[in-house]
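Participant: What follows is input-v1.cif, made up of mmCIF, C-alpha atoms, pLDDT in the B column; chains and numbers go by the auth columns:
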data_data
#
loop_
_atom_site.group_PDB
_atom_site.id
_atom_site.type_symbol
_atom_site.label_atom_id
_atom_site.label_comp_id
_atom_site.label_asym_id
_atom_site.label_seq_id
_atom_site.Cartn_x
_atom_site.Cartn_y
_atom_site.Cartn_z
_atom_site.B_iso_or_equiv
_atom_site.auth_seq_id
_atom_site.auth_asym_id
ATOM 1 C CA MET A 1 -42.499 -220.201 228.829 55.00 1 A
ATOM 2 C CA PRO A 2 -38.902 -218.928 229.172 57.00 2 A
ATOM 3 C CA ARG A 3 -38.394 -215.204 229.086 57.00 3 A
ATOM 4 C CA LYS A 4 -36.365 -213.782 226.271 56.00 4 A
ATOM 5 C CA HIS A 5 -33.178 -212.112 227.365 53.00 5 A
ATOM 6 C CA LYS A 6 -32.955 -208.626 226.012 56.00 6 A
ATOM 7 C CA SER A 7 -29.583 -208.296 224.311 58.00 7 A
ATOM 8 C CA SER A 8 -27.319 -205.536 225.488 73.00 8 A
ATOM 9 C CA SER A 9 -26.605 -202.489 223.423 83.00 9 A
ATOM 10 C CA PRO A 10 -24.124 -203.038 220.597 79.00 10 A
ATOM 11 C CA TYR A 11 -22.160 -200.150 222.065 89.00 11 A
ATOM 12 C CA ALA A 12 -21.517 -202.271 225.153 94.00 12 A
ATOM 13 C CA THR A 13 -19.050 -204.226 223.000 94.00 13 A
ATOM 14 C CA LEU A 14 -17.053 -201.057 222.376 96.00 14 A
ATOM 15 C CA PHE A 15 -17.333 -200.054 226.021 96.00 15 A
ATOM 16 C CA TYR A 16 -15.899 -203.424 227.096 96.00 16 A
ATOM 17 C CA LEU A 17 -13.034 -203.079 224.628 97.00 17 A
ATOM 18 C CA ILE A 18 -12.173 -199.617 225.962 97.00 18 A
ATOM 19 C CA ALA A 19 -12.505 -200.852 229.563 98.00 19 A
ATOM 20 C CA VAL A 20 -10.087 -203.722 228.888 98.00 20 A
ATOM 21 C CA LEU A 21 -7.588 -201.279 227.374 98.00 21 A
ATOM 22 C CA TRP A 22 -7.698 -199.095 230.495 98.00 22 A
ATOM 23 C CA ILE A 23 -7.505 -202.051 232.886 98.00 23 A
ATOM 24 C CA VAL A 24 -4.456 -203.366 231.037 98.00 24 A
ATOM 25 C CA GLU A 25 -2.876 -199.890 231.121 98.00 25 A
ATOM 26 C CA PHE A 26 -3.339 -199.634 234.895 97.00 26 A
ATOM 27 C CA ALA A 27 -1.842 -203.123 235.315 97.00 27 A
ATOM 28 C CA ASN A 28 1.026 -202.074 233.054 97.00 28 A
ATOM 29 C CA LEU A 29 1.572 -199.009 235.247 97.00 29 A
ATOM 30 C CA LEU A 30 1.948 -201.291 238.259 97.00 30 A
ATOM 31 C CA PHE A 31 4.690 -203.182 236.419 96.00 31 A
ATOM 32 C CA ASP A 32 6.457 -199.992 235.282 96.00 32 A
ATOM 33 C CA HIS A 33 5.321 -200.675 231.702 96.00 33 A
ATOM 34 C CA GLN A 34 7.265 -203.932 231.554 97.00 34 A
ATOM 35 C CA LEU A 35 4.254 -205.567 229.872 97.00 35 A
ATOM 36 C CA CYS A 36 5.170 -203.643 226.712 97.00 36 A
ATOM 37 C CA ARG A 37 7.719 -206.364 225.982 96.00 37 A
ATOM 38 C CA PHE A 38 4.676 -208.385 224.901 97.00 38 A
ATOM 39 C CA GLY A 39 4.211 -205.972 222.015 97.00 39 A
ATOM 40 C CA ILE A 40 5.160 -206.743 218.441 98.00 40 A
ATOM 41 C CA PHE A 41 8.909 -207.036 217.928 98.00 41 A
ATOM 42 C CA PRO A 42 9.150 -207.619 214.166 98.00 42 A
ATOM 43 C CA ARG A 43 10.558 -210.810 212.715 98.00 43 A
ATOM 44 C CA THR A 44 11.215 -212.506 216.052 97.00 44 A
ATOM 45 C CA PRO A 45 9.404 -215.543 217.432 96.00 45 A
ATOM 46 C CA GLN A 46 8.465 -213.747 220.674 94.00 46 A
ATOM 47 C CA GLY A 47 7.204 -210.820 218.591 96.00 47 A
ATOM 48 C CA LEU A 48 4.474 -213.059 217.159 97.00 48 A
ATOM 49 C CA VAL A 49 2.779 -213.044 220.577 96.00 49 A
ATOM 50 C CA GLY A 50 2.586 -209.280 220.241 97.00 50 A
ATOM 51 C CA ILE A 51 0.181 -209.593 217.322 98.00 51 A
ATOM 52 C CA LEU A 52 -2.522 -210.457 219.861 97.00 52 A
ATOM 53 C CA PHE A 53 -1.361 -208.291 222.767 97.00 53 A
ATOM 54 C CA SER A 54 0.031 -205.170 221.115 97.00 54 A
ATOM 55 C CA PRO A 55 -3.317 -203.333 220.656 97.00 55 A
ATOM 56 C CA PHE A 56 -4.012 -203.678 224.381 98.00 56 A
ATOM 57 C CA LEU A 57 -0.646 -202.326 225.533 98.00 57 A
ATOM 58 C CA HIS A 58 0.295 -198.645 225.558 97.00 58 A
ATOM 59 C CA ALA A 59 3.427 -196.637 226.297 95.00 59 A
ATOM 60 C CA GLY A 60 1.581 -194.662 228.962 96.00 60 A
ATOM 61 C CA VAL A 61 -1.697 -193.139 230.080 97.00 61 A
ATOM 62 C CA VAL A 62 -1.351 -190.241 227.632 97.00 62 A
ATOM 63 C CA HIS A 63 -0.824 -192.686 224.754 96.00 63 A
ATOM 64 C CA LEU A 64 -4.005 -194.578 225.659 98.00 64 A
ATOM 65 C CA PHE A 65 -5.939 -191.355 226.294 97.00 65 A
ATOM 66 C CA LEU A 66 -5.067 -190.128 222.791 96.00 66 A
ATOM 67 C CA ASN A 67 -6.234 -193.442 221.321 97.00 67 A
ATOM 68 C CA THR A 68 -9.490 -193.650 223.278 98.00 68 A
ATOM 69 C CA GLY A 69 -11.388 -190.873 221.474 97.00 69 A
ATOM 70 C CA PRO A 70 -10.755 -192.126 217.934 97.00 70 A
ATOM 71 C CA LEU A 71 -11.549 -195.685 219.033 98.00 71 A
ATOM 72 C CA ILE A 72 -14.914 -194.546 220.384 97.00 72 A
ATOM 73 C CA VAL A 73 -15.834 -192.459 217.329 97.00 73 A
ATOM 74 C CA LEU A 74 -14.543 -194.718 214.548 98.00 74 A
ATOM 75 C CA GLY A 75 -15.468 -197.937 216.360 98.00 75 A
ATOM 76 C CA GLY A 76 -18.915 -196.480 217.070 97.00 76 A
ATOM 77 C CA LEU A 77 -19.438 -195.752 213.374 97.00 77 A
ATOM 78 C CA ILE A 78 -18.592 -199.342 212.505 97.00 78 A
ATOM 79 C CA LEU A 79 -20.886 -200.585 215.289 96.00 79 A
ATOM 80 C CA MET A 80 -23.721 -198.667 213.644 95.00 80 A
ATOM 81 C CA THR A 81 -23.465 -201.186 210.793 92.00 81 A
ATOM 82 C CA GLY A 82 -23.733 -204.125 213.189 93.00 82 A
ATOM 83 C CA ARG A 83 -22.044 -205.814 216.115 95.00 83 A
ATOM 84 C CA ALA A 84 -20.968 -208.857 214.089 94.00 84 A
ATOM 85 C CA ILE A 85 -19.317 -206.634 211.472 95.00 85 A
ATOM 86 C CA PHE A 86 -17.568 -204.683 214.229 97.00 86 A
ATOM 87 C CA ILE A 87 -16.230 -207.857 215.860 96.00 87 A
ATOM 88 C CA ARG A 88 -15.147 -209.415 212.546 97.00 88 A
ATOM 89 C CA SER A 89 -13.429 -206.249 211.369 97.00 89 A
ATOM 90 C CA THR A 90 -11.729 -205.713 214.753 98.00 90 A
ATOM 91 C CA VAL A 91 -10.346 -209.246 214.870 98.00 91 A
ATOM 92 C CA PHE A 92 -9.264 -209.088 211.224 98.00 92 A
ATOM 93 C CA ILE A 93 -7.521 -205.729 211.650 98.00 93 A
ATOM 94 C CA ILE A 94 -5.723 -206.858 214.804 98.00 94 A
ATOM 95 C CA LEU A 95 -4.518 -210.106 213.225 98.00 95 A
ATOM 96 C CA MET A 96 -3.704 -208.948 209.688 98.00 96 A
ATOM 97 C CA GLY A 97 -2.437 -205.505 210.697 98.00 97 A
ATOM 98 C CA GLY A 98 -0.293 -207.115 213.390 98.00 98 A
ATOM 99 C CA LEU A 99 1.075 -209.724 211.018 98.00 99 A
ATOM 100 C CA GLY A 100 1.895 -207.032 208.471 98.00 100 A
ATOM 101 C CA LEU A 101 3.681 -205.010 211.138 98.00 101 A
ATOM 102 C CA TRP A 102 5.568 -208.103 212.303 98.00 102 A
ATOM 103 C CA LEU A 103 6.755 -208.607 208.717 98.00 103 A
ATOM 104 C CA VAL A 104 7.764 -205.030 207.817 97.00 104 A
ATOM 105 C CA GLY A 105 8.226 -203.052 211.041 97.00 105 A
ATOM 106 C CA ARG A 106 11.425 -201.569 212.435 96.00 106 A
ATOM 107 C CA PRO A 107 13.222 -203.644 215.073 96.00 107 A
ATOM 108 C CA ALA A 108 11.568 -202.149 218.157 96.00 108 A
ATOM 109 C CA TYR A 109 8.586 -202.928 220.364 96.00 109 A
ATOM 110 C CA HIS A 110 5.386 -201.693 218.739 97.00 110 A
ATOM 111 C CA VAL A 111 2.434 -201.209 221.096 97.00 111 A
ATOM 112 C CA GLY A 112 -0.868 -199.385 221.096 97.00 112 A
ATOM 113 C CA ALA A 113 -4.302 -199.380 219.546 97.00 113 A
ATOM 114 C CA SER A 114 -3.209 -196.973 216.811 96.00 114 A
ATOM 115 C CA ALA A 115 -3.081 -199.736 214.200 97.00 115 A
ATOM 116 C CA LEU A 116 -6.667 -200.625 215.119 98.00 116 A
ATOM 117 C CA ILE A 117 -7.696 -196.961 214.838 98.00 117 A
ATOM 118 C CA PHE A 118 -6.082 -196.685 211.412 97.00 118 A
ATOM 119 C CA GLY A 119 -7.756 -199.975 210.509 98.00 119 A
ATOM 120 C CA TYR A 120 -11.166 -198.617 211.484 98.00 120 A
ATOM 121 C CA PHE A 121 -10.453 -195.458 209.501 98.00 121 A
ATOM 122 C CA GLY A 122 -9.350 -197.465 206.437 98.00 122 A
ATOM 123 C CA TYR A 123 -12.392 -199.708 206.784 98.00 123 A
ATOM 124 C CA LEU A 124 -14.843 -196.810 206.890 98.00 124 A
ATOM 125 C CA VAL A 125 -13.264 -194.942 203.980 97.00 125 A
ATOM 126 C CA ALA A 126 -12.985 -198.086 201.844 98.00 126 A
ATOM 127 C CA LYS A 127 -16.526 -199.177 202.705 97.00 127 A
ATOM 128 C CA GLY A 128 -17.764 -195.771 201.567 96.00 128 A
ATOM 129 C CA ILE A 129 -16.062 -196.349 198.226 95.00 129 A
ATOM 130 C CA PHE A 130 -16.872 -200.059 197.791 94.00 130 A
ATOM 131 C CA ASP A 131 -20.504 -200.094 198.972 91.00 131 A
ATOM 132 C CA ARG A 132 -21.841 -197.190 196.947 86.00 132 A
ATOM 133 C CA ARG A 133 -24.566 -196.752 199.530 92.00 133 A
ATOM 134 C CA MET A 134 -25.485 -193.442 201.094 95.00 134 A
ATOM 135 C CA LYS A 135 -25.057 -194.661 204.686 95.00 135 A
ATOM 136 C CA SER A 136 -21.543 -195.995 204.009 95.00 136 A
ATOM 137 C CA PHE A 137 -20.622 -192.843 202.115 96.00 137 A
ATOM 138 C CA LEU A 138 -21.843 -190.646 204.985 97.00 138 A
ATOM 139 C CA PHE A 139 -19.898 -192.693 207.546 97.00 139 A
ATOM 140 C CA ALA A 140 -16.784 -192.343 205.376 97.00 140 A
ATOM 141 C CA MET A 141 -17.293 -188.578 205.185 97.00 141 A
ATOM 142 C CA VAL A 142 -17.760 -188.324 208.959 97.00 142 A
ATOM 143 C CA ALA A 143 -14.569 -190.361 209.487 97.00 143 A
ATOM 144 C CA ILE A 144 -12.621 -188.158 207.064 96.00 144 A
ATOM 145 C CA ALA A 145 -14.040 -184.932 208.523 96.00 145 A
ATOM 146 C CA ALA A 146 -13.248 -185.989 212.076 95.00 146 A
ATOM 147 C CA TYR A 147 -9.958 -187.810 211.516 94.00 147 A
ATOM 148 C CA GLY A 148 -8.697 -186.956 208.021 93.00 148 A
ATOM 149 C CA GLY A 149 -5.449 -185.884 209.650 91.00 149 A
ATOM 150 C CA LEU A 150 -4.733 -189.565 210.216 91.00 150 A
ATOM 151 C CA PHE A 151 -3.402 -189.686 206.671 90.00 151 A
ATOM 152 C CA TRP A 152 -0.298 -187.882 208.002 90.00 152 A
ATOM 153 C CA GLY A 153 0.208 -190.764 210.423 88.00 153 A
ATOM 154 C CA LEU A 154 0.906 -193.039 207.461 90.00 154 A
ATOM 155 C CA LEU A 155 4.163 -191.165 206.905 88.00 155 A
ATOM 156 C CA PRO A 156 7.396 -191.611 208.895 90.00 156 A
ATOM 157 C CA THR A 157 7.227 -188.327 210.789 86.00 157 A
ATOM 158 C CA ALA A 158 8.774 -189.280 214.154 87.00 158 A
ATOM 159 C CA ARG A 159 11.069 -192.102 215.274 87.00 159 A
ATOM 160 C CA TYR A 160 8.937 -192.984 218.290 88.00 160 A
ATOM 161 C CA ILE A 161 5.707 -193.348 216.259 91.00 161 A
ATOM 162 C CA SER A 162 5.020 -196.671 214.546 94.00 162 A
ATOM 163 C CA TRP A 163 3.971 -195.377 211.156 95.00 163 A
ATOM 164 C CA GLU A 164 4.435 -198.955 209.928 96.00 164 A
ATOM 165 C CA GLY A 165 1.752 -200.074 212.383 96.00 165 A
ATOM 166 C CA HIS A 166 -0.506 -197.280 211.182 96.00 166 A
ATOM 167 C CA ALA A 167 0.013 -198.278 207.544 97.00 167 A
ATOM 168 C CA CYS A 168 -0.491 -201.996 208.216 98.00 168 A
ATOM 169 C CA GLY A 169 -3.656 -201.297 210.206 98.00 169 A
ATOM 170 C CA PHE A 170 -4.967 -198.996 207.469 98.00 170 A
ATOM 171 C CA ILE A 171 -4.341 -201.640 204.791 98.00 171 A
ATOM 172 C CA ALA A 172 -5.938 -204.329 206.977 98.00 172 A
ATOM 173 C CA GLY A 173 -9.019 -202.099 207.368 98.00 173 A
ATOM 174 C CA ILE A 174 -9.298 -201.710 203.603 98.00 174 A
ATOM 175 C CA MET A 175 -8.940 -205.481 203.219 98.00 175 A
ATOM 176 C CA ALA A 176 -11.659 -206.058 205.844 98.00 176 A
ATOM 177 C CA ALA A 177 -14.032 -203.733 203.966 97.00 177 A
ATOM 178 C CA TRP A 178 -13.263 -205.524 200.700 97.00 178 A
ATOM 179 C CA ILE A 179 -13.921 -208.949 202.244 95.00 179 A
ATOM 180 C CA GLU A 180 -17.148 -207.683 203.853 90.00 180 A
ATOM 181 C CA ARG A 181 -18.283 -206.343 200.479 87.00 181 A
ATOM 182 C CA ARG A 182 -17.577 -209.630 198.721 78.00 182 A
ATOM 183 C CA LYS A 183 -19.339 -211.538 201.509 74.00 183 A
ATOM 184 C CA ARG A 184 -22.498 -209.498 200.964 72.00 184 A
ATOM 185 C CA ARG A 185 -22.552 -210.224 197.251 65.00 185 A
#
Represent the structure from my file as structure tokens, please.

Facilitator:
Amino acid sequence: MPRKHKSSSPYATLFYLIAVLWIVEFANLLFDHQLCRFGIFPRTPQGLVGILFSPFLHAGVVHLFLNTGPLIVLGGLILMTGRAIFIRSTVFIILMGGLGLWLVGRPAYHVGASALIFGYFGYLVAKGIFDRRMKSFLFAMVAIAAYGGLFWGLLPTARYISWEGHACGFIAGIMAAWIERRKRR
């Protein structure tokens, strides 16, 4: 009789995502951050490629370091609802948030996992509102308590920060929560 393979922890998925981000950043360092040209450059054909690559590229080690903590916390909260939900919401936020940014962003290269972070935040807050379940509400409250300051990131506060990416990711996260809710019904 074949032995059953014990599945790995759902948190391994998040660990692999974070590991890929850091590996890409070290490769980008070797190329003097020239890989950032594969980010999203709005309304250009080559910028469409950035929809897939932008979340994995960062402007530097500090940029990625600042994104790692929120990715672990907010991504971990979503993983607590299930690996499949985490993967679906991550893919949706990357694609829809990236497409939104490609449509409305300033003409510059937009890189970083910030849109994904804002998407996770939007997902958790919206899920807390849409689900009307205690667990979802508590996760939303934890997200707001830990990262409520992200709301400021939706405003154009600095030229070098892609507030458009933040806003598009946030909206994509809300959309992902709405779709997940409708799927459950």

Participant: So what does the PyMOL selection byres ((chain A and resi 104-114) around 6) actually pick up in this one, as a list in words?

Facilitator: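 This file gives the following for the PyMOL selection byres ((chain A and resi 104-114) around 6): Gly39, Ile40, Phe41, Pro42, Ser54, Pro55, Leu57, His58, Leu101, Trp102, Leu103, Ala115, Leu116, Ile117 and Glu164 of chain A.
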
Participant: Counting all atoms listed in the file, what is within 10 Å of segment 135-140 of chain A, bar same-chain residues fewer than 5 positions away, as a PyMOL selection string?

Facilitator: chain A and resi 74+77-78+80-81+121-130+145-146

Participant: Using C-alpha atoms, can you export the residues from the last selection as a tab-separated table (two decimals), in the frame of the given file?

Facilitator:
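Saved result, out.tsv, follows:
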chain	number	residue	atom	x	y	z
A	74	LEU	CA	-14.54	-194.72	214.55
A	77	LEU	CA	-19.44	-195.75	213.37
A	78	ILE	CA	-18.59	-199.34	212.50
A	80	MET	CA	-23.72	-198.67	213.64
A	81	THR	CA	-23.46	-201.19	210.79
A	121	PHE	CA	-10.45	-195.46	209.50
A	122	GLY	CA	-9.35	-197.46	206.44
A	123	TYR	CA	-12.39	-199.71	206.78
A	124	LEU	CA	-14.84	-196.81	206.89
A	125	VAL	CA	-13.26	-194.94	203.98
A	126	ALA	CA	-12.98	-198.09	201.84
A	127	LYS	CA	-16.53	-199.18	202.70
A	128	GLY	CA	-17.76	-195.77	201.57
A	129	ILE	CA	-16.06	-196.35	198.23
A	130	PHE	CA	-16.87	-200.06	197.79
A	145	ALA	CA	-14.04	-184.93	208.52
A	146	ALA	CA	-13.25	-185.99	212.08

Participant: Quick one: which residues end up in the PyMOL selection byres ((chain A and resi 150) around 10) for this structure, as a count of residues only?

Facilitator: 17

Participant: Work out how far atom CA of Arg182 of chain A is from atom CA of Gly119 of chain A, in Å to one decimal.

Facilitator: 18.1 Å

Participant: Nearest to His33 of chain A: which of A:Phe53, A:Arg181, A:Val20, A:Ala59 is it, counting all atoms listed in the file?

Facilitator: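 Smallest distance to His33 of chain A is found for A:Ala59.
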
Participant: Would you list the contacts of Ser9 of chain A as an MDAnalysis selection string, taking every protein, DNA or RNA residue within 12 Å and counting all atoms listed in the file, but skipping same-chain residues closer than 3 positions in sequence?

Facilitator: chainID A and resid 6 12:16 76 79:80 82:83

Participant: Can you pull out the residues contacting Ile179 of chain A? Cut-off 12 Å, using all atoms listed in the file, and skip same-chain residues under 4 positions away; I want them as a PyMOL selection string.

Facilitator: chain A and resi 85+88-89+92-93+123+126-127+130-131+172-175+183-185

Participant: Using all atoms listed in the file, can you tell me which of A:Leu21, A:Ala176, A:Ala27, A:Val142 comes closest to Ile94 of chain A?

Facilitator: A:Ala176

Participant: Find the smallest box with edges along x, y and z containing every listed atom of segment 114-133 of chain A, then add 8 Å on each side and report centre and edge lengths in Å to one decimal, as AutoDock Vina command-line options.

Facilitator:
--center_x -13.8 --center_y -197.8 --center_z 206.9 --size_x 37.5 --size_y 21.7 --size_z 35.9
